[in-house]
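> Following this line is my_file-v3.txt, made up of compact mmCIF, C-alpha atoms and all ligand atoms:
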# COMPACT_ATOMS: atom_id res chain seq x y z
CA MET A 1 0.00 0.00 0.00
CA GLU A 2 1.24 3.51 -0.83
CA ALA A 3 2.12 5.62 2.21
CA ALA A 4 -0.18 8.58 2.89
CA VAL A 5 2.88 10.62 3.89
CA ARG A 6 6.49 9.76 3.25
CA LEU A 7 9.38 11.91 4.47
CA ASN A 8 12.77 11.16 2.96
CA GLU A 9 15.84 12.50 4.77
CA ILE A 10 14.22 15.82 5.71
CA THR A 11 16.64 18.45 7.00
CA GLN A 12 15.74 22.04 7.82
CA VAL A 13 18.27 24.78 8.44
CA TYR A 14 16.96 28.23 9.42
CA VAL A 15 19.17 31.16 8.50
CA THR A 16 18.76 34.29 10.60
CA GLU A 17 20.91 37.32 11.33
CA ARG A 18 22.40 35.25 14.19
CA GLY A 19 23.58 32.65 11.70
CA ALA A 20 22.37 29.24 10.55
CA SER A 21 20.71 26.78 12.92
CA LEU A 22 19.95 23.15 12.22
CA ALA A 23 16.29 22.75 13.27
CA ILE A 24 15.70 19.19 12.10
CA GLU A 25 18.08 16.62 10.69
CA GLU A 26 17.52 13.72 8.32
CA ILE A 27 14.03 12.71 9.35
CA ASN A 28 12.59 9.63 7.66
CA LEU A 29 8.98 8.76 8.32
CA SER A 30 6.00 7.00 6.73
CA LEU A 31 2.38 7.37 7.74
CA GLU A 32 0.06 4.64 6.49
CA PRO A 33 -3.43 5.56 5.26
CA GLY A 34 -5.86 5.69 8.20
CA GLU A 35 -3.10 5.78 10.80
CA PHE A 36 -3.21 8.18 13.77
CA VAL A 37 0.31 9.10 14.88
CA GLY A 38 1.25 11.22 17.89
CA LEU A 39 4.37 13.41 17.90
CA VAL A 40 5.86 14.53 21.19
CA GLY A 41 9.14 16.19 22.05
CA PRO A 42 10.71 19.00 24.04
CA SER A 43 9.91 22.58 23.17
CA GLY A 44 11.79 23.79 20.10
CA CYS A 45 12.68 20.32 18.78
CA GLY A 46 11.07 21.06 15.41
CA LYS A 47 7.55 19.57 15.61
CA THR A 48 5.81 22.57 14.02
CA THR A 49 8.59 22.86 11.44
CA LEU A 50 7.99 19.24 10.47
CA LEU A 51 4.22 19.79 10.12
CA SER A 52 4.79 22.94 8.03
CA ILE A 53 7.08 20.97 5.73
CA ILE A 54 4.49 18.19 5.29
CA ALA A 55 1.83 20.84 4.61
CA GLY A 56 4.05 22.33 1.88
CA LEU A 57 4.23 25.68 3.70
CA ILE A 58 8.02 25.41 4.06
CA ARG A 59 10.34 23.91 1.44
CA PRO A 60 12.88 21.82 3.40
CA THR A 61 16.56 22.63 3.03
CA SER A 62 17.04 19.07 1.81
CA GLY A 63 14.97 15.91 1.48
CA THR A 64 11.57 15.26 -0.05
CA VAL A 65 7.97 14.86 1.08
CA GLN A 66 5.51 12.65 -0.76
CA ILE A 67 1.76 12.62 -0.26
CA PHE A 68 0.30 9.41 -1.67
CA GLY A 69 3.40 9.09 -3.86
CA GLU A 70 3.33 12.66 -5.18
CA THR A 71 6.21 14.96 -4.30
CA VAL A 72 5.05 18.03 -2.38
CA GLU A 73 6.11 21.34 -3.96
CA SER A 74 3.38 23.59 -2.50
CA PRO A 75 0.36 23.23 -0.18
CA SER A 76 -1.69 20.18 -1.22
CA GLY A 77 -5.48 19.93 -1.12
CA LYS A 78 -5.02 16.45 0.35
CA VAL A 79 -3.70 17.94 3.60
CA GLY A 80 -5.70 19.84 6.23
CA TYR A 81 -4.09 21.78 9.08
CA MET A 82 -5.62 22.46 12.50
CA LEU A 83 -3.92 24.66 15.07
CA GLN A 84 -4.20 25.61 18.73
CA GLN A 85 -5.87 28.89 17.73
CA ASP A 86 -9.06 28.59 15.71
CA TYR A 87 -8.43 31.69 13.52
CA LEU A 88 -12.16 32.16 12.89
CA PHE A 89 -13.11 35.45 11.24
CA PRO A 90 -15.10 37.45 13.83
CA TRP A 91 -17.21 39.24 11.19
CA ARG A 92 -18.40 35.99 9.55
CA THR A 93 -21.10 33.67 10.85
CA ILE A 94 -20.16 30.11 11.76
CA TYR A 95 -21.54 28.79 8.47
CA GLN A 96 -19.64 31.46 6.50
CA ASN A 97 -16.48 30.63 8.47
CA VAL A 98 -16.59 26.91 7.61
CA LEU A 99 -16.94 27.78 3.91
CA VAL A 100 -13.74 29.87 3.83
CA GLY A 101 -11.45 27.07 2.60
CA LEU A 102 -13.89 26.13 -0.15
CA GLU A 103 -14.18 29.76 -1.24
CA LEU A 104 -10.42 30.22 -1.39
CA THR A 105 -9.96 27.11 -3.51
CA GLY A 106 -12.93 27.83 -5.79
CA GLN A 107 -14.86 24.74 -4.64
CA LEU A 108 -18.02 26.38 -3.36
CA THR A 109 -20.53 23.99 -4.95
CA LYS A 110 -24.05 23.16 -3.80
CA ALA A 111 -22.88 19.68 -2.75
CA ASN A 112 -20.03 21.17 -0.70
CA ARG A 113 -22.37 23.63 1.01
CA GLU A 114 -24.64 20.72 1.93
CA TYR A 115 -21.67 18.75 3.23
CA ALA A 116 -20.73 21.76 5.42
CA LEU A 117 -24.24 21.76 6.91
CA HIS A 118 -24.06 18.00 7.38
CA LEU A 119 -20.76 18.31 9.26
CA LEU A 120 -22.06 21.17 11.43
CA ASN A 121 -24.97 18.93 12.33
CA GLU A 122 -22.78 15.88 12.98
CA LEU A 123 -20.50 17.84 15.29
CA GLY A 124 -23.39 19.29 17.27
CA LEU A 125 -23.15 22.80 15.80
CA ALA A 126 -26.35 23.04 13.74
CA ASP A 127 -27.89 25.61 16.10
CA THR A 128 -24.84 27.87 15.89
CA LYS A 129 -24.64 28.23 12.12
CA ASP A 130 -25.98 31.80 12.02
CA GLN A 131 -24.11 32.92 15.14
CA TYR A 132 -20.76 34.70 15.28
CA PRO A 133 -17.55 33.23 16.79
CA SER A 134 -17.69 35.58 19.80
CA GLN A 135 -20.98 33.92 20.84
CA LEU A 136 -19.35 30.46 21.11
CA SER A 137 -17.23 28.80 23.81
CA GLY A 138 -13.60 27.86 23.09
CA GLY A 139 -14.54 24.18 22.66
CA MET A 140 -17.30 25.01 20.19
CA ARG A 141 -15.00 27.28 18.23
CA GLN A 142 -12.45 24.48 17.94
CA ARG A 143 -15.25 22.20 16.67
CA VAL A 144 -16.02 24.84 14.04
CA ALA A 145 -12.33 24.86 13.10
CA LEU A 146 -12.53 21.07 12.72
CA VAL A 147 -15.56 21.36 10.42
CA ARG A 148 -13.76 24.04 8.38
CA THR A 149 -10.81 21.63 8.00
CA LEU A 150 -12.93 18.56 7.15
CA VAL A 151 -15.20 20.30 4.66
CA THR A 152 -12.44 20.43 2.03
CA GLU A 153 -12.16 16.63 2.44
CA PRO A 154 -8.42 16.33 3.12
CA ASP A 155 -7.08 12.76 3.39
CA ILE A 156 -4.45 13.79 5.92
CA LEU A 157 -4.90 16.00 8.98
CA LEU A 158 -2.00 17.79 10.64
CA LEU A 159 -3.03 18.69 14.17
CA ASP A 160 -0.74 21.13 16.00
CA GLU A 161 -1.78 21.12 19.67
CA PRO A 162 -5.44 21.63 18.70
CA PHE A 163 -6.76 21.25 22.26
CA SER A 164 -4.01 22.80 24.35
CA ALA A 165 -5.91 26.06 24.95
CA LEU A 166 -9.06 24.30 26.21
CA ASP A 167 -10.12 23.33 29.73
CA TYR A 168 -9.53 19.68 30.61
CA GLN A 169 -13.12 18.45 30.37
CA THR A 170 -13.68 20.10 26.96
CA LYS A 171 -10.37 18.70 25.78
CA LEU A 172 -11.43 15.14 26.71
CA GLU A 173 -14.77 15.59 24.93
CA LEU A 174 -13.10 16.91 21.79
CA GLU A 175 -10.50 14.12 21.78
CA ASP A 176 -13.34 11.57 21.60
CA LEU A 177 -15.18 13.58 18.94
CA LEU A 178 -12.10 14.08 16.78
CA SER A 179 -11.06 10.44 17.09
CA ALA A 180 -14.52 9.11 16.13
CA THR A 181 -14.89 11.61 13.26
CA LEU A 182 -11.50 10.79 11.73
CA LYS A 183 -11.82 7.03 12.23
CA ALA A 184 -15.26 6.95 10.60
CA ARG A 185 -13.74 8.61 7.52
CA GLY A 186 -10.45 6.64 7.45
CA LYS A 187 -8.36 9.83 7.69
CA THR A 188 -4.62 9.81 8.37
CA ALA A 189 -3.56 12.11 11.22
CA LEU A 190 -0.36 13.46 12.74
CA LEU A 191 -0.97 15.04 16.16
CA VAL A 192 1.59 17.27 17.85
CA THR A 193 0.95 17.54 21.56
CA HIS A 194 2.73 18.25 24.84
CA ASP A 195 0.15 16.11 26.64
CA ILE A 196 1.51 12.57 26.85
CA SER A 197 -1.83 11.10 27.93
CA GLU A 198 -3.51 12.67 24.90
CA ALA A 199 -0.85 11.19 22.60
CA VAL A 200 -1.23 7.70 24.14
CA ALA A 201 -5.04 7.79 24.22
CA MET A 202 -5.46 8.94 20.61
CA SER A 203 -2.62 7.34 18.67
CA ASP A 204 -1.74 4.06 16.99
CA ARG A 205 1.91 4.91 17.62
CA VAL A 206 3.78 7.77 19.24
CA LEU A 207 7.01 9.29 17.93
CA VAL A 208 9.36 10.96 20.38
CA MET A 209 11.61 13.70 19.02
CA GLY A 210 14.94 14.84 20.44
CA ARG A 211 16.28 18.38 20.25
CA ASN A 212 19.40 20.15 18.95
CA PRO A 213 19.08 19.02 16.29
CA GLY A 214 15.50 17.79 15.97
CA ILE A 215 15.52 14.09 15.14
CA LEU A 216 13.13 11.19 15.61
CA ARG A 217 14.46 9.32 18.63
CA LYS A 218 11.94 6.66 19.38
CA GLU A 219 8.77 5.04 18.09
CA ILE A 220 6.34 3.54 20.58
CA ILE A 221 3.56 1.31 19.29
CA ILE A 222 0.37 1.71 21.33
CA PRO A 223 -0.98 -1.69 22.44
CA GLU A 224 -4.25 -2.94 20.93
CA PRO A 225 -6.37 -2.70 24.12
CA ILE A 226 -5.73 1.06 24.25
CA ARG A 227 -6.30 1.58 20.52
CA HIS A 228 -9.64 -0.19 20.56
CA GLU A 229 -11.10 2.19 23.12
CA THR A 230 -12.23 5.79 22.75
CA PRO A 231 -9.52 8.20 24.02
CA PHE A 232 -11.49 8.76 27.24
CA LYS A 233 -11.94 5.03 28.00
CA ALA A 234 -8.39 4.24 26.85
CA ARG A 235 -7.08 5.94 29.97
CA GLU A 236 -8.62 3.11 32.06
CA ALA A 237 -6.77 0.34 30.19
CA ALA A 238 -4.17 -1.57 32.24
CA GLU A 239 -1.56 -0.91 29.52
CA PHE A 240 -2.05 2.88 29.63
CA HIS A 241 0.21 3.85 32.54
CA PRO A 242 3.22 1.72 31.58
CA ILE A 243 3.20 3.30 28.10
CA PHE A 244 2.68 6.77 29.57
CA ASN A 245 5.67 6.22 31.87
CA GLN A 246 7.83 4.91 29.04
CA ILE A 247 7.22 8.08 27.00
CA TRP A 248 7.68 10.28 30.07
CA ARG A 249 11.08 8.68 30.78
CA GLU A 250 12.06 9.01 27.13
CA LEU A 251 11.23 12.75 27.17
CA GLU A 252 13.11 13.22 30.43
CA THR A 253 16.17 11.64 28.84
CA GLN A 254 15.80 13.96 25.80
CA GLU A 255 15.63 17.02 28.07
CA ARG A 256 18.80 15.95 29.88
CA LYS A 257 20.63 15.28 26.59
CA SER A 258 19.53 18.57 25.01
CA GLY A 259 20.52 20.41 28.18
CA VAL A 260 24.04 19.05 27.69
CA ASN A 261 23.96 20.03 24.00
CA ASP A 262 22.74 23.53 24.86
CA ALA A 263 25.59 23.94 27.37
CA ASN A 264 28.10 22.94 24.68
CA ARG A 265 26.85 25.46 22.12
N1 LIG B 1 10.99 30.91 10.91
C1 LIG B 1 12.01 30.56 11.69
N2 LIG B 1 13.21 31.19 11.60
C2 LIG B 1 14.24 30.83 12.38
N3 LIG B 1 14.21 29.85 13.31
C3 LIG B 1 13.04 29.19 13.45
C4 LIG B 1 11.88 29.52 12.66
N4 LIG B 1 10.86 28.68 13.03
C5 LIG B 1 11.35 27.88 14.00
N5 LIG B 1 12.65 28.19 14.25
C6 LIG B 1 13.54 27.51 15.22
O1 LIG B 1 13.56 26.13 14.87
C7 LIG B 1 13.50 25.31 16.04
C8 LIG B 1 12.26 24.41 15.98
O2 LIG B 1 11.09 25.23 16.11
P1 LIG B 1 9.63 24.62 16.08
O3 LIG B 1 8.66 25.73 16.30
O4 LIG B 1 9.46 23.79 14.86
O5 LIG B 1 9.68 23.66 17.36
P2 LIG B 1 8.48 22.97 18.20
O6 LIG B 1 8.97 21.63 18.57
O7 LIG B 1 7.23 23.04 17.41
O8 LIG B 1 8.38 23.92 19.47
P3 LIG B 1 7.19 24.11 20.55
O9 LIG B 1 6.96 22.76 21.16
O10 LIG B 1 7.75 25.09 21.52
O11 LIG B 1 6.00 24.62 19.77
C9 LIG B 1 13.51 26.26 17.23
O12 LIG B 1 14.84 26.41 17.67
C10 LIG B 1 12.98 27.56 16.64
O13 LIG B 1 13.51 28.67 17.34
Show how you would write the structure in this file as structure tokens.

Amino acid sequence: MEAAVRLNEITQVYVTERGASLAIEEINLSLEPGEFVGLVGPSGCGKTTLLSIIAGLIRPTSGTVQIFGETVESPSGKVGYMLQQDYLFPWRTIYQNVLVGLELTGQLTKANREYALHLLNELGLADTKDQYPSQLSGGMRQRVALVRTLVTEPDILLLDEPFSALDYQTKLELEDLLSATLKARGKTALLVTHDISEAVAMSDRVLVMGRNPGILRKEIIIPEPIRHETPFKAREAAEFHPIFNQIWRELETQERKSGVNDANR
């Protein structure tokens, strides 16, 4: 089967007035269609850089990205991006906000408008369609952002800490909703998060990055009993805490190592 995403030897060097810095080095990675992969790592290890490269927003210094076998040269319609901030337009209604991506790409058809209404309904937002973002809670606004991302029917979702600004209860609710919505549609997802329990509860495998330079250090396969549960229920599985602790220890080791690297710079 063709990989949904394939990264070949991706290296990113940022050049600033302070000189060149190696943000990520020789990352190789494949995401299979329908897979949900978590990405964790210390602050500044290059997680957002990696997502931006997959999205085609940054051309890597070297290496290639392929989406379903096609080399990425610019942003691809097959990839949707969801961020911590919802970036809804305050002067547009919820319905008008979810149509933005379709408008920008010239895909505003009757069928697509109907699909937008269907998604708003499915995600419990039907009553809000004529309201404005300021009238909605943070959790509802993030649901709107999810609809806006899904309505363009991307095969791959890049999720950059989408729930980190929400209160804990809302975050748990949205984890379940996102997981069920993506699974039902067979989407491929790469989730960046600082919350280890979120990564374990939502993912099929978790990748741990190291810093200075950013590399993939470790891959942890999430055991079946966790994967078969919803993210909320997964936290009750006997296997959950050992995996959580393994990732925690791995991150602790990365922090120690990068501390040494920082001191040597
Ligand atoms: N546009 C840029 N120009 C120069 N340096 C950059 C740029 N973007 C990121 N960097 C640097 O590249 C490194 C990786 O940054 P990046 O934002 O990808 O890390 P991150 O793992 O997503 O961090 P965090 O977890 O804090 O969000 C950091 O050292 C950052 O300062």
> Using all atoms listed in the file, find the one residue out of A:Ile67, A:Ile220, A:Leu117, A:Leu191 that sits nearest to ligand LIG 1 (chain B).
A:Leu191
> Mind pulling up the distance from CA of Lys47 (chain A) to atom P3 of ligand LIG 1 (chain B)?
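Those two atoms sit 6.7 Å apart.
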> How big is the axis-aligned box around all listed atoms of region 198-203 of chain A once 3 Å goes on each side, and where's its centre, in Å to one decimal, as AutoDock Vina command-line options?

--center_x -3.2 --center_y 10.0 --center_z 21.8 --size_x 10.6 --size_y 11.3 --size_z 12.2
> How close does region 169-252 of chain A get to region 52-66 of chain A? List, as a tab-separated table, each residue of region 169-252 of chain A within 12 Å, its nearest atom pair and the distance in Å to one decimal, counting all atoms listed in the file.

residue	atom	partner	partner_atom	distance
A:Ala189	CA	A:Ile54	CA	11.7
A:Leu190	CA	A:Ile54	CA	10.1
A:Val192	CA	A:Ser52	CA	11.8
> Using all atoms listed in the file, can you tell me which of A:Leu83, A:Leu29, A:Met202, A:Ala3 comes closest to ligand LIG 1 (chain B)?
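Under the stated criterion, the closest residue is A:Leu83.
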